[in-house]
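Colleague: Structure supplied as upload.cif; contents: mmCIF, C-alpha atoms.
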```cif
data_structure
loop_
_atom_site.group_PDB
_atom_site.id
_atom_site.type_symbol
_atom_site.label_atom_id
_atom_site.label_comp_id
_atom_site.auth_asym_id
_atom_site.auth_seq_id
_atom_site.Cartn_x
_atom_site.Cartn_y
_atom_site.Cartn_z
ATOM 1 C CA MET A 1 -189.955 184.261 -30.908
ATOM 2 C CA ALA A 2 -192.129 186.662 -32.819
ATOM 3 C CA MET A 3 -194.435 184.993 -35.279
ATOM 4 C CA THR A 4 -196.153 187.247 -37.744
ATOM 5 C CA GLU A 5 -197.774 185.616 -40.742
ATOM 6 C CA GLN A 6 -195.290 182.819 -40.518
ATOM 7 C CA ARG A 7 -195.083 179.116 -39.934
ATOM 8 C CA VAL A 8 -192.826 177.060 -37.743
ATOM 9 C CA SER A 9 -192.872 173.279 -37.693
ATOM 10 C CA TYR A 10 -191.159 170.517 -35.798
ATOM 11 C CA THR A 11 -190.712 166.784 -36.353
ATOM 12 C CA LEU A 12 -190.724 165.011 -33.020
ATOM 13 C CA ASP A 13 -190.275 161.493 -31.627
ATOM 14 C CA SER A 14 -193.160 159.514 -30.210
ATOM 15 C CA SER A 15 -192.194 160.051 -26.596
ATOM 16 C CA LEU A 16 -193.387 161.609 -23.365
ATOM 17 C CA GLU A 17 -190.756 164.310 -23.871
ATOM 18 C CA THR A 18 -192.486 165.319 -27.102
ATOM 19 C CA ILE A 19 -195.705 165.962 -25.176
ATOM 20 C CA ASP A 20 -193.983 168.266 -22.699
ATOM 21 C CA SER A 21 -192.039 169.919 -25.504
ATOM 22 C CA ALA A 22 -195.171 170.562 -27.576
ATOM 23 C CA GLU A 23 -196.886 172.121 -24.579
ATOM 24 C CA ALA A 24 -193.883 174.338 -23.842
ATOM 25 C CA ARG A 25 -193.660 175.527 -27.452
ATOM 26 C CA ALA A 26 -197.373 176.304 -27.483
ATOM 27 C CA THR A 27 -197.060 178.297 -24.283
ATOM 28 C CA ARG A 28 -194.191 180.337 -25.666
ATOM 29 C CA ILE A 29 -195.785 181.059 -29.032
ATOM 30 C CA ALA A 30 -199.210 181.883 -27.592
ATOM 31 C CA THR A 31 -197.582 184.238 -25.093
ATOM 32 C CA ASP A 32 -195.602 185.932 -27.838
ATOM 33 C CA LEU A 33 -198.775 186.438 -29.859
ATOM 34 C CA GLY A 34 -200.346 188.349 -27.004
ATOM 35 C CA PHE A 35 -202.916 185.890 -25.733
ATOM 36 C CA ASP A 36 -203.849 186.497 -22.105
ATOM 37 C CA GLU A 37 -202.864 184.106 -19.321
ATOM 38 C CA ASP A 38 -206.073 182.074 -19.438
ATOM 39 C CA GLU A 39 -205.930 181.745 -23.217
ATOM 40 C CA VAL A 40 -202.302 180.680 -23.105
ATOM 41 C CA LEU A 41 -203.230 177.957 -20.647
ATOM 42 C CA GLN A 42 -206.119 176.824 -22.826
ATOM 43 C CA ILE A 43 -203.937 176.682 -25.930
ATOM 44 C CA SER A 44 -201.108 174.859 -24.190
ATOM 45 C CA MET A 45 -203.505 172.341 -22.674
ATOM 46 C CA ALA A 46 -205.183 171.715 -26.027
ATOM 47 C CA VAL A 47 -201.801 171.172 -27.663
ATOM 48 C CA ARG A 48 -200.773 168.859 -24.850
ATOM 49 C CA GLU A 49 -203.934 166.783 -25.319
ATOM 50 C CA GLY A 50 -203.363 166.688 -29.069
ATOM 51 C CA ALA A 51 -199.782 165.593 -28.560
ATOM 52 C CA VAL A 52 -200.874 162.875 -26.126
ATOM 53 C CA ASN A 53 -203.296 161.553 -28.719
ATOM 54 C CA ALA A 54 -200.614 161.581 -31.419
ATOM 55 C CA VAL A 55 -197.869 159.990 -29.328
ATOM 56 C CA LEU A 56 -199.946 157.542 -27.330
ATOM 57 C CA HIS A 57 -203.070 156.667 -29.304
ATOM 58 C CA GLY A 58 -201.782 157.421 -32.800
ATOM 59 C CA ASN A 59 -198.178 156.283 -32.897
ATOM 60 C CA GLY A 60 -198.312 154.078 -29.808
ATOM 61 C CA TYR A 61 -194.854 155.301 -28.713
ATOM 62 C CA ALA A 62 -193.384 153.570 -31.818
ATOM 63 C CA PRO A 63 -189.774 154.759 -32.224
ATOM 64 C CA ASP A 64 -190.017 154.694 -36.026
ATOM 65 C CA LYS A 65 -193.081 156.929 -36.129
ATOM 66 C CA LYS A 66 -192.904 160.701 -35.883
ATOM 67 C CA VAL A 67 -195.194 163.494 -34.782
ATOM 68 C CA THR A 68 -195.201 166.725 -36.726
ATOM 69 C CA LEU A 69 -196.242 169.889 -34.953
ATOM 70 C CA ALA A 70 -196.777 173.192 -36.755
ATOM 71 C CA PHE A 71 -197.765 176.653 -35.601
ATOM 72 C CA GLU A 72 -199.027 179.257 -38.072
ATOM 73 C CA HIS A 73 -200.203 182.800 -37.525
ATOM 74 C CA ILE A 74 -202.696 183.379 -40.302
ATOM 75 C CA GLY A 75 -204.650 186.601 -40.176
ATOM 76 C CA ASP A 76 -206.426 186.684 -36.833
ATOM 77 C CA ASN A 77 -205.829 183.027 -36.158
ATOM 78 C CA LEU A 78 -203.232 180.896 -34.459
ATOM 79 C CA VAL A 79 -203.438 177.620 -36.352
ATOM 80 C CA ILE A 80 -201.786 174.576 -34.800
ATOM 81 C CA THR A 81 -201.498 171.296 -36.691
ATOM 82 C CA ILE A 82 -200.468 168.002 -35.118
ATOM 83 C CA CYS A 83 -200.018 164.925 -37.314
ATOM 84 C CA ASP A 84 -199.201 161.352 -36.365
ATOM 85 C CA GLN A 85 -198.418 158.251 -38.396
ATOM 86 C CA GLY A 86 -200.879 155.903 -36.749
ATOM 87 C CA LYS A 87 -203.846 154.041 -38.162
ATOM 88 C CA GLY A 88 -206.342 156.810 -37.670
ATOM 89 C CA MET A 89 -209.336 156.757 -35.377
ATOM 90 C CA ASP A 90 -213.043 156.134 -35.649
ATOM 91 C CA LEU A 91 -214.565 159.381 -34.417
ATOM 92 C CA SER A 92 -217.983 157.765 -34.119
ATOM 93 C CA LYS A 93 -216.627 155.515 -31.376
ATOM 94 C CA ILE A 94 -215.499 158.330 -29.124
ATOM 95 C CA PRO A 95 -218.016 158.450 -26.273
ATOM 96 C CA ASN A 96 -219.405 161.640 -24.787
ATOM 97 C CA PRO A 97 -217.418 162.094 -21.565
ATOM 98 C CA LEU A 98 -220.242 164.140 -20.034
ATOM 99 C CA ALA A 99 -222.799 161.343 -20.327
ATOM 100 C CA PRO A 100 -223.659 160.028 -16.861
ATOM 101 C CA GLU A 101 -222.512 156.521 -17.763
ATOM 102 C CA ASN A 102 -219.096 157.883 -18.795
ATOM 103 C CA LEU A 103 -218.363 160.305 -15.960
ATOM 104 C CA LEU A 104 -216.338 157.751 -14.023
ATOM 105 C CA LYS A 105 -214.283 156.583 -16.970
ATOM 106 C CA THR A 106 -210.588 157.206 -16.521
ATOM 107 C CA SER A 107 -209.937 158.256 -20.116
ATOM 108 C CA GLY A 108 -211.674 159.783 -23.127
ATOM 109 C CA ARG A 109 -211.632 163.476 -22.200
ATOM 110 C CA GLY A 110 -208.808 164.728 -24.413
ATOM 111 C CA ILE A 111 -210.813 165.696 -27.493
ATOM 112 C CA PHE A 112 -213.551 167.139 -25.321
ATOM 113 C CA LEU A 113 -211.032 169.397 -23.577
ATOM 114 C CA MET A 114 -209.546 170.506 -26.897
ATOM 115 C CA ARG A 115 -213.002 171.455 -28.124
ATOM 116 C CA SER A 116 -213.683 173.308 -24.892
ATOM 117 C CA PHE A 117 -210.514 175.369 -25.113
ATOM 118 C CA MET A 118 -210.131 176.127 -28.829
ATOM 119 C CA ASP A 119 -212.341 177.999 -31.280
ATOM 120 C CA VAL A 120 -212.082 175.342 -33.963
ATOM 121 C CA VAL A 121 -211.014 171.708 -33.762
ATOM 122 C CA GLU A 122 -210.745 169.668 -36.944
ATOM 123 C CA ILE A 123 -209.798 166.004 -36.906
ATOM 124 C CA ARG A 124 -208.998 164.214 -40.136
ATOM 125 C CA PRO A 125 -208.223 160.558 -39.570
ATOM 126 C CA SER A 126 -206.848 158.333 -42.317
ATOM 127 C CA GLN A 127 -205.171 154.951 -42.472
ATOM 128 C CA THR A 128 -201.787 156.636 -42.647
ATOM 129 C CA GLY A 129 -202.281 158.932 -39.721
ATOM 130 C CA THR A 130 -204.457 161.550 -38.123
ATOM 131 C CA GLU A 131 -204.237 165.273 -38.743
ATOM 132 C CA LEU A 132 -205.482 167.476 -35.946
ATOM 133 C CA LYS A 133 -205.997 171.181 -36.516
ATOM 134 C CA LEU A 134 -206.536 173.539 -33.590
ATOM 135 C CA ILE A 135 -207.463 177.180 -34.174
ATOM 136 C CA LYS A 136 -207.626 180.025 -31.685
ATOM 137 C CA HIS A 137 -208.643 183.510 -32.690
ATOM 138 C CA VAL A 138 -206.122 186.148 -31.738
ATOM 139 C CA HIS A 139 -207.006 189.145 -29.566
ATOM 140 C CA GLY A 140 -210.648 188.324 -29.106
ATOM 141 C CA ALA A 141 -211.389 187.961 -32.794
ATOM 142 C CA THR A 142 -214.530 185.920 -33.251
ATOM 143 C CA ALA A 143 -215.747 183.472 -35.800
ATOM 144 C CA ASP A 144 -219.180 182.127 -36.571
ATOM 145 C CA GLY A 145 -218.378 178.543 -35.780
ATOM 146 C CA LYS A 146 -217.011 177.759 -32.353
ATOM 147 C CA GLU A 147 -218.252 174.235 -32.651
ATOM 148 C CA ALA A 148 -215.711 171.696 -33.666
ATOM 149 C CA SER A 149 -216.013 169.941 -36.940
ATOM 150 C CA GLN A 150 -215.570 166.253 -37.430
ATOM 151 C CA MET B 1 -192.334 171.071 -11.773
ATOM 152 C CA THR B 2 -192.690 167.391 -11.082
ATOM 153 C CA MET B 3 -195.374 165.953 -8.879
ATOM 154 C CA LYS B 4 -194.689 165.513 -5.179
ATOM 155 C CA VAL B 5 -196.902 163.896 -2.577
ATOM 156 C CA GLY B 6 -196.722 163.515 1.170
ATOM 157 C CA SER B 7 -199.226 162.089 3.615
ATOM 158 C CA ARG B 8 -200.157 162.845 7.191
ATOM 159 C CA GLN B 9 -202.823 161.643 9.615
ATOM 160 C CA VAL B 10 -205.444 163.924 11.147
ATOM 161 C CA ASP B 11 -208.064 162.296 13.423
ATOM 162 C CA GLY B 12 -208.031 159.027 11.507
ATOM 163 C CA VAL B 13 -208.125 160.690 8.108
ATOM 164 C CA THR B 14 -205.166 160.604 5.721
ATOM 165 C CA ILE B 15 -204.395 163.932 4.141
ATOM 166 C CA VAL B 16 -202.328 163.622 0.970
ATOM 167 C CA ASP B 17 -200.607 166.900 0.179
ATOM 168 C CA CYS B 18 -199.954 167.081 -3.550
ATOM 169 C CA SER B 19 -197.887 169.651 -5.386
ATOM 170 C CA GLY B 20 -196.800 170.199 -8.961
ATOM 171 C CA ARG B 21 -198.380 168.723 -12.071
ATOM 172 C CA ILE B 22 -200.641 165.694 -12.359
ATOM 173 C CA THR B 23 -200.076 164.727 -15.972
ATOM 174 C CA LEU B 24 -199.488 161.701 -18.165
ATOM 175 C CA GLY B 25 -196.396 159.887 -16.982
ATOM 176 C CA GLU B 26 -194.677 160.380 -13.682
ATOM 177 C CA GLY B 27 -197.255 162.644 -12.056
ATOM 178 C CA SER B 28 -200.122 160.240 -12.566
ATOM 179 C CA VAL B 29 -198.055 157.250 -11.463
ATOM 180 C CA ILE B 30 -196.942 158.916 -8.237
ATOM 181 C CA LEU B 31 -200.520 159.686 -7.248
ATOM 182 C CA ARG B 32 -201.712 156.200 -8.204
ATOM 183 C CA ASP B 33 -198.965 154.516 -6.168
ATOM 184 C CA MET B 34 -199.658 156.703 -3.145
ATOM 185 C CA VAL B 35 -203.386 155.951 -3.077
ATOM 186 C CA ARG B 36 -202.862 152.221 -3.613
ATOM 187 C CA ASP B 37 -200.259 152.152 -0.858
ATOM 188 C CA LEU B 38 -202.585 153.902 1.565
ATOM 189 C CA LEU B 39 -205.447 151.536 0.777
ATOM 190 C CA SER B 40 -203.230 148.483 1.143
ATOM 191 C CA LYS B 41 -202.353 149.654 4.643
ATOM 192 C CA GLY B 42 -206.002 150.088 5.577
ATOM 193 C CA ASN B 43 -206.164 153.864 5.260
ATOM 194 C CA LYS B 44 -209.557 154.278 3.659
ATOM 195 C CA LYS B 45 -210.452 157.843 4.603
ATOM 196 C CA ILE B 46 -208.427 159.928 2.181
ATOM 197 C CA VAL B 47 -208.328 163.632 1.392
ATOM 198 C CA LEU B 48 -206.295 164.812 -1.575
ATOM 199 C CA ASN B 49 -205.081 168.314 -0.812
ATOM 200 C CA LEU B 50 -204.585 169.879 -4.248
ATOM 201 C CA ALA B 51 -203.743 173.400 -3.054
ATOM 202 C CA GLU B 52 -200.320 173.255 -4.678
ATOM 203 C CA VAL B 53 -201.352 171.487 -7.868
ATOM 204 C CA ASN B 54 -200.934 174.058 -10.605
ATOM 205 C CA TYR B 55 -201.605 171.924 -13.659
ATOM 206 C CA ILE B 56 -203.565 168.821 -14.528
ATOM 207 C CA ASP B 57 -204.277 167.219 -17.907
ATOM 208 C CA SER B 58 -206.858 164.668 -19.021
ATOM 209 C CA SER B 59 -204.630 161.839 -17.808
ATOM 210 C CA GLY B 60 -204.420 163.521 -14.423
ATOM 211 C CA ILE B 61 -208.183 163.901 -14.348
ATOM 212 C CA GLY B 62 -208.428 160.203 -15.142
ATOM 213 C CA GLU B 63 -206.089 159.458 -12.277
ATOM 214 C CA LEU B 64 -208.279 161.405 -9.841
ATOM 215 C CA VAL B 65 -211.292 159.423 -11.052
ATOM 216 C CA SER B 66 -209.352 156.183 -10.694
ATOM 217 C CA ALA B 67 -208.308 157.099 -7.151
ATOM 218 C CA PHE B 68 -211.914 157.923 -6.301
ATOM 219 C CA THR B 69 -213.375 154.683 -7.667
ATOM 220 C CA THR B 70 -210.559 152.472 -6.337
ATOM 221 C CA THR B 71 -211.062 153.884 -2.852
ATOM 222 C CA LYS B 72 -214.830 153.548 -3.074
ATOM 223 C CA ASN B 73 -214.594 149.962 -4.325
ATOM 224 C CA GLN B 74 -212.558 149.094 -1.257
ATOM 225 C CA GLY B 75 -215.145 150.530 1.082
ATOM 226 C CA GLY B 76 -213.393 153.831 1.577
ATOM 227 C CA GLU B 77 -213.982 157.470 0.754
ATOM 228 C CA LEU B 78 -211.801 159.948 -1.100
ATOM 229 C CA LYS B 79 -212.412 163.686 -1.078
ATOM 230 C CA LEU B 80 -210.704 166.660 -2.669
ATOM 231 C CA LEU B 81 -209.491 169.709 -0.781
ATOM 232 C CA ASN B 82 -208.395 173.216 -1.747
ATOM 233 C CA LEU B 83 -208.728 173.171 -5.505
ATOM 234 C CA THR B 84 -206.890 175.853 -7.428
ATOM 235 C CA LYS B 85 -208.982 177.816 -9.900
ATOM 236 C CA LYS B 86 -207.477 175.910 -12.812
ATOM 237 C CA VAL B 87 -208.323 172.506 -11.368
ATOM 238 C CA ASN B 88 -211.723 173.707 -10.211
ATOM 239 C CA ASP B 89 -212.531 174.936 -13.724
ATOM 240 C CA LEU B 90 -211.514 171.594 -15.207
ATOM 241 C CA LEU B 91 -213.741 169.672 -12.814
ATOM 242 C CA GLN B 92 -216.603 172.014 -13.667
ATOM 243 C CA ILE B 93 -216.391 171.604 -17.435
ATOM 244 C CA THR B 94 -215.953 167.837 -17.184
ATOM 245 C CA LYS B 95 -218.911 167.660 -14.757
ATOM 246 C CA LEU B 96 -216.734 165.833 -12.263
ATOM 247 C CA TYR B 97 -217.572 168.447 -9.672
ATOM 248 C CA THR B 98 -220.823 166.520 -9.306
ATOM 249 C CA VAL B 99 -218.930 163.296 -8.595
ATOM 250 C CA PHE B 100 -216.265 164.390 -6.134
ATOM 251 C CA ASP B 101 -216.899 165.677 -2.646
ATOM 252 C CA VAL B 102 -214.902 168.913 -2.810
ATOM 253 C CA LYS B 103 -213.941 170.815 0.348
ATOM 254 C CA ASP B 104 -212.164 174.100 0.905
ATOM 255 C CA ASP B 105 -211.435 173.728 4.605
ATOM 256 C CA GLU B 106 -209.286 170.942 6.021
ATOM 257 C CA THR B 107 -210.989 170.763 9.410
ATOM 258 C CA ALA B 108 -214.390 170.523 7.782
ATOM 259 C CA ALA B 109 -213.077 167.926 5.362
ATOM 260 C CA VAL B 110 -211.799 165.748 8.198
ATOM 261 C CA LYS B 111 -215.036 166.080 10.156
ATOM 262 C CA SER B 112 -217.111 165.200 7.112
ATOM 263 C CA PHE B 113 -216.078 161.547 7.205
ATOM 264 C CA LYS B 114 -218.543 159.253 8.883
#
```
For this file, produce the structure as structure tokens.
Modeller:
Amino acid sequence: MAMTEQRVSYTLDSSLETIDSAEARATRIATDLGFDEDEVLQISMAVREGAVNAVLHGNGYAPDKKVTLAFEHIGDNLVITICDQGKGMDLSKIPNPLAPENLLKTSGRGIFLMRSFMDVVEIRPSQTGTELKLIKHVHGATADGKEASQ
Amino acid sequence: MTMKVGSRQVDGVTIVDCSGRITLGEGSVILRDMVRDLLSKGNKKIVLNLAEVNYIDSSGIGELVSAFTTTKNQGGELKLLNLTKKVNDLLQITKLYTVFDVKDDETAAVKSFK
């Protein structure tokens, strides 16, 4: 699918299949936009981690709650938005997975990986759900702020 | 590609050959069950051969950590062998390369156990 200055969105169930599906869609769209192999992997992994957070931590696999996934090609950016219908999250309680005391924890690396792989990561939690925005600059375009925002 | 595992014994060390994806869901469960089964049977020198693992997510990373700590807590040792570039990069950025004993040669990995 070619995606030039356009937006595609999907409403998905809170299931493991949604996570695989989101990753597959990200891989296809990033490939079509001309990202190289490493970038495609980074984008698909970031989307997978975002989808895991939405399905598992946000919606808690609830069958009545949906995940919305949108891809937009805006200027030099691929903008991916993932929204859940959970209770939001307290970003201040997310520990640093690189701290020595956290290295052997078995979870808590998803947001860190997203921030490692994407140019911009924005997380907007609310009591009616969390909106995650992932941005990757197309074709080596650069931006001033690689650091994720809260 | 779903996760597949198989084990074999080399000089008292259990080599677990893994292939496919270690991700949330089936992949993580298969690895967890394999390591727990080995430990329950007294196999406490374990090498995870990840040569054919082409994808791993944060849940998969968590499963590797869990396998490492579970083995250690039972008096055993778990090492990693033959990381692909993708998995190697992930362990580097998560600093887990400093936690795991990572080998790139099976014979050396087997000999490295005390």
Colleague: Considering only C-alpha atoms, give me a table of residues in chain B that are at most 9 Å from chain A, with the closest atom pair and distance in Å for each, as a Markdown table.
Modeller:
```
| residue | atom | partner | partner_atom | distance |
| --- | --- | --- | --- | --- |
| B:Leu24 | CA | A:Leu16 | CA | 8.0 |
| B:Gly25 | CA | A:Leu16 | CA | 7.3 |
| B:Ile56 | CA | A:Met45 | CA | 8.9 |
| B:Asp57 | CA | A:Met45 | CA | 7.0 |
| B:Ser58 | CA | A:Gly110 | CA | 5.7 |
| B:Ser59 | CA | A:Ser107 | CA | 6.8 |
| B:Ile61 | CA | A:Thr106 | CA | 7.4 |
| B:Gly62 | CA | A:Thr106 | CA | 3.9 |
| B:Glu63 | CA | A:Thr106 | CA | 6.6 |
| B:Leu64 | CA | A:Thr106 | CA | 8.2 |
| B:Val65 | CA | A:Thr106 | CA | 5.9 |
| B:Ser66 | CA | A:Thr106 | CA | 6.0 |
| B:Phe68 | CA | A:Leu104 | CA | 8.9 |
| B:Thr69 | CA | A:Leu104 | CA | 7.7 |
| B:Leu90 | CA | A:Leu113 | CA | 8.7 |
| B:Ile93 | CA | A:Ser116 | CA | 8.1 |
| B:Thr94 | CA | A:Leu98 | CA | 6.3 |
| B:Lys95 | CA | A:Leu98 | CA | 6.5 |
| B:Leu96 | CA | A:Leu103 | CA | 6.8 |
| B:Val99 | CA | A:Leu103 | CA | 8.0 |
```
Colleague: Here is a test: counting only C-alpha atoms, which residue of B:Asp101, B:Asp89, B:Asp33, B:Glu77 is nearest to Lys45 of chain B?
Modeller: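 Closest residue, counting only C-alpha atoms: B:Glu77.
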Colleague: Fewer than 3 positions away in the same chain doesn't count, so skip those; otherwise give me all residues within 12 Å of Val102 of chain B, counting only C-alpha atoms, as a short mmCIF file (atom, residue, chain, number, x, y, z; two decimals) with C-alpha atoms, in the frame of the given file.
Modeller:
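Generated file (part_1.cif):
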```cif
data_model
loop_
_atom_site.label_atom_id
_atom_site.label_comp_id
_atom_site.auth_asym_id
_atom_site.auth_seq_id
_atom_site.Cartn_x
_atom_site.Cartn_y
_atom_site.Cartn_z
CA VAL B 47 -208.33 163.63 1.39
CA LEU B 48 -206.30 164.81 -1.58
CA ASN B 49 -205.08 168.31 -0.81
CA LEU B 50 -204.58 169.88 -4.25
CA PHE B 68 -211.91 157.92 -6.30
CA LEU B 78 -211.80 159.95 -1.10
CA LYS B 79 -212.41 163.69 -1.08
CA LEU B 80 -210.70 166.66 -2.67
CA LEU B 81 -209.49 169.71 -0.78
CA ASN B 82 -208.40 173.22 -1.75
CA LEU B 83 -208.73 173.17 -5.50
CA THR B 84 -206.89 175.85 -7.43
CA VAL B 87 -208.32 172.51 -11.37
CA ASN B 88 -211.72 173.71 -10.21
CA LEU B 91 -213.74 169.67 -12.81
CA GLN B 92 -216.60 172.01 -13.67
CA LEU B 96 -216.73 165.83 -12.26
CA TYR B 97 -217.57 168.45 -9.67
CA THR B 98 -220.82 166.52 -9.31
CA VAL B 99 -218.93 163.30 -8.60
CA ASP B 105 -211.44 173.73 4.61
CA GLU B 106 -209.29 170.94 6.02
CA ALA B 108 -214.39 170.52 7.78
CA ALA B 109 -213.08 167.93 5.36
CA VAL B 110 -211.80 165.75 8.20
CA SER B 112 -217.11 165.20 7.11
#
```
Colleague: Return the single residue from B:Thr2, B:Thr14, B:Ser28, B:Asn73 that is closest to Gly60 of chain B, with distances computed using all atoms listed in the file.
Modeller: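 Residue with the minimum atom-to-atom distance to Gly60 of chain B: B:Ser28.
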Colleague: Between atom CA of Val13 of chain B and atom CA of Val53 of chain B, what is the distance in Å, rounded to a tenth?
Modeller: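 Atom CA of Val53 of chain B lies at a distance of 20.4 Å from atom CA of Val13 of chain B.
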Colleague: In Å, with one decimal, what is the gap from atom CA of Asp104 of chain B to atom CA of Asp37 of chain B?
Modeller: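 Taking atom CA of Asp104 of chain B and atom CA of Asp37 of chain B, their separation equals 25.0 Å.
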Colleague: Starting from the displayed file, determine the output of the PyMOL selection byres ((chain A and resi 125) around 8) and express the residue list as a list in words.
Modeller: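 Taken on the displayed file, the PyMOL selection byres ((chain A and resi 125) around 8) yields the residues Lys87, Gly88, Met89, Asp90, Ile123, Arg124, Ser126, Gln127, Gly129, Thr130 and Glu131 of chain A.
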Colleague: Counting only C-alpha atoms, what is within 9 Å of Arg36 of chain B, bar same-chain residues fewer than 6 positions away, as a PyMOL selection string?
Modeller: chain B and resi 67+70-71
Colleague: Output C-alpha atoms of each residue in that selection to a file, as a PDB file, in the frame of the given file.
Modeller:
```
ATOM      1  CA  ALA B  67    -208.308 157.099  -7.151  1.00  0.00           C
ATOM      2  CA  THR B  70    -210.559 152.472  -6.337  1.00  0.00           C
ATOM      3  CA  THR B  71    -211.062 153.884  -2.852  1.00  0.00           C
TER       4      THR B  71
END
```
Colleague: Just the number, please: distance in Å from atom CA of Thr107 of chain B to atom CA of Gln9 of chain B, one decimal.
Modeller: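 For atom CA of Thr107 of chain B relative to atom CA of Gln9 of chain B, the distance reads 12.2 Å.
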Colleague: Run the PyMOL selection byres ((chain A and resi 72-85) around 7) mentally over the shown coordinates, then write out the matched residues as a PyMOL selection string, using the chain letters and numbers from the document.
Modeller: chain A and resi 3-8+50+54+58-59+65-71+86-87+128-138+141
Colleague: I'd like to know which of A:Val120, A:Leu12, A:Leu56, A:Val40 is closest to Thr27 of chain A, using all atoms listed in the file.
Modeller: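 Looking only at the distances to Thr27 of chain A, the closest residue turns out to be A:Val40.
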Colleague: Which is closest to Ile22 of chain B among B:Ala51, B:Met3, B:Val35, B:Val10, if we use only C-alpha atoms?
Modeller: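 Going through B:Ala51, B:Met3, B:Val35, B:Val10 one by one, the smallest distance to Ile22 of chain B is for B:Met3.
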Colleague: Let me have the centre and edge lengths of the axis-aligned box enclosing all listed atoms of segment 46-64 of chain B with 3 Å padding on every side, in Å to one decimal, as JSON.
Modeller:
```
{"center_x": -204.4, "center_y": 166.8, "center_z": -8.4, "size_x": 14.1, "size_y": 20.6, "size_z": 27.2}
```
Colleague: Ranking B:Glu26, B:Gln74, B:Asp11, B:Tyr55 by minimum distance to Lys41 of chain B and counting all atoms listed in the file, which one comes first?
Modeller: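 Of all the options, B:Gln74 lies closest to Lys41 of chain B.
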Colleague: Give me segment 43-59 of chain B with N, CA and C atoms filled in, as a short mmCIF file (atom, residue, chain, number, x, y, z; two decimals), in the coordinates of the input.
Modeller:
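Contents of the output file selection_19.cif:
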```cif
data_model
loop_
_atom_site.label_atom_id
_atom_site.label_comp_id
_atom_site.auth_asym_id
_atom_site.auth_seq_id
_atom_site.Cartn_x
_atom_site.Cartn_y
_atom_site.Cartn_z
N ASN B 43 -205.76 152.46 5.15
CA ASN B 43 -206.16 153.86 5.26
C ASN B 43 -207.23 154.15 4.20
N LYS B 44 -208.46 154.18 4.63
CA LYS B 44 -209.56 154.28 3.66
C LYS B 44 -210.32 155.60 3.72
N LYS B 45 -209.88 156.49 4.59
CA LYS B 45 -210.45 157.84 4.60
C LYS B 45 -209.35 158.78 4.09
N ILE B 46 -209.52 159.21 2.85
CA ILE B 46 -208.43 159.93 2.18
C ILE B 46 -208.90 161.29 1.68
N VAL B 47 -208.08 162.29 1.94
CA VAL B 47 -208.33 163.63 1.39
C VAL B 47 -207.12 164.01 0.53
N LEU B 48 -207.37 164.32 -0.72
CA LEU B 48 -206.30 164.81 -1.58
C LEU B 48 -206.28 166.33 -1.51
N ASN B 49 -205.24 166.86 -0.91
CA ASN B 49 -205.08 168.31 -0.81
C ASN B 49 -204.37 168.80 -2.08
N LEU B 50 -205.12 169.48 -2.94
CA LEU B 50 -204.58 169.88 -4.25
C LEU B 50 -204.22 171.37 -4.29
N ALA B 51 -204.01 171.96 -3.12
CA ALA B 51 -203.74 173.40 -3.05
C ALA B 51 -202.53 173.80 -3.89
N GLU B 52 -201.55 172.91 -3.97
CA GLU B 52 -200.32 173.26 -4.68
C GLU B 52 -200.23 172.58 -6.05
N VAL B 53 -201.34 172.09 -6.53
CA VAL B 53 -201.35 171.49 -7.87
C VAL B 53 -201.70 172.58 -8.88
N ASN B 54 -200.74 172.92 -9.70
CA ASN B 54 -200.93 174.06 -10.60
C ASN B 54 -201.29 173.65 -12.03
N TYR B 55 -201.32 172.36 -12.29
CA TYR B 55 -201.60 171.92 -13.66
C TYR B 55 -202.07 170.48 -13.62
N ILE B 56 -203.07 170.18 -14.43
CA ILE B 56 -203.56 168.82 -14.53
C ILE B 56 -204.09 168.63 -15.94
N ASP B 57 -203.77 167.47 -16.55
CA ASP B 57 -204.28 167.22 -17.91
C ASP B 57 -205.34 166.12 -17.86
N SER B 58 -205.77 165.65 -19.02
CA SER B 58 -206.86 164.67 -19.02
C SER B 58 -206.41 163.36 -18.36
N SER B 59 -205.13 163.04 -18.48
CA SER B 59 -204.63 161.84 -17.81
C SER B 59 -204.68 162.02 -16.29
#
```
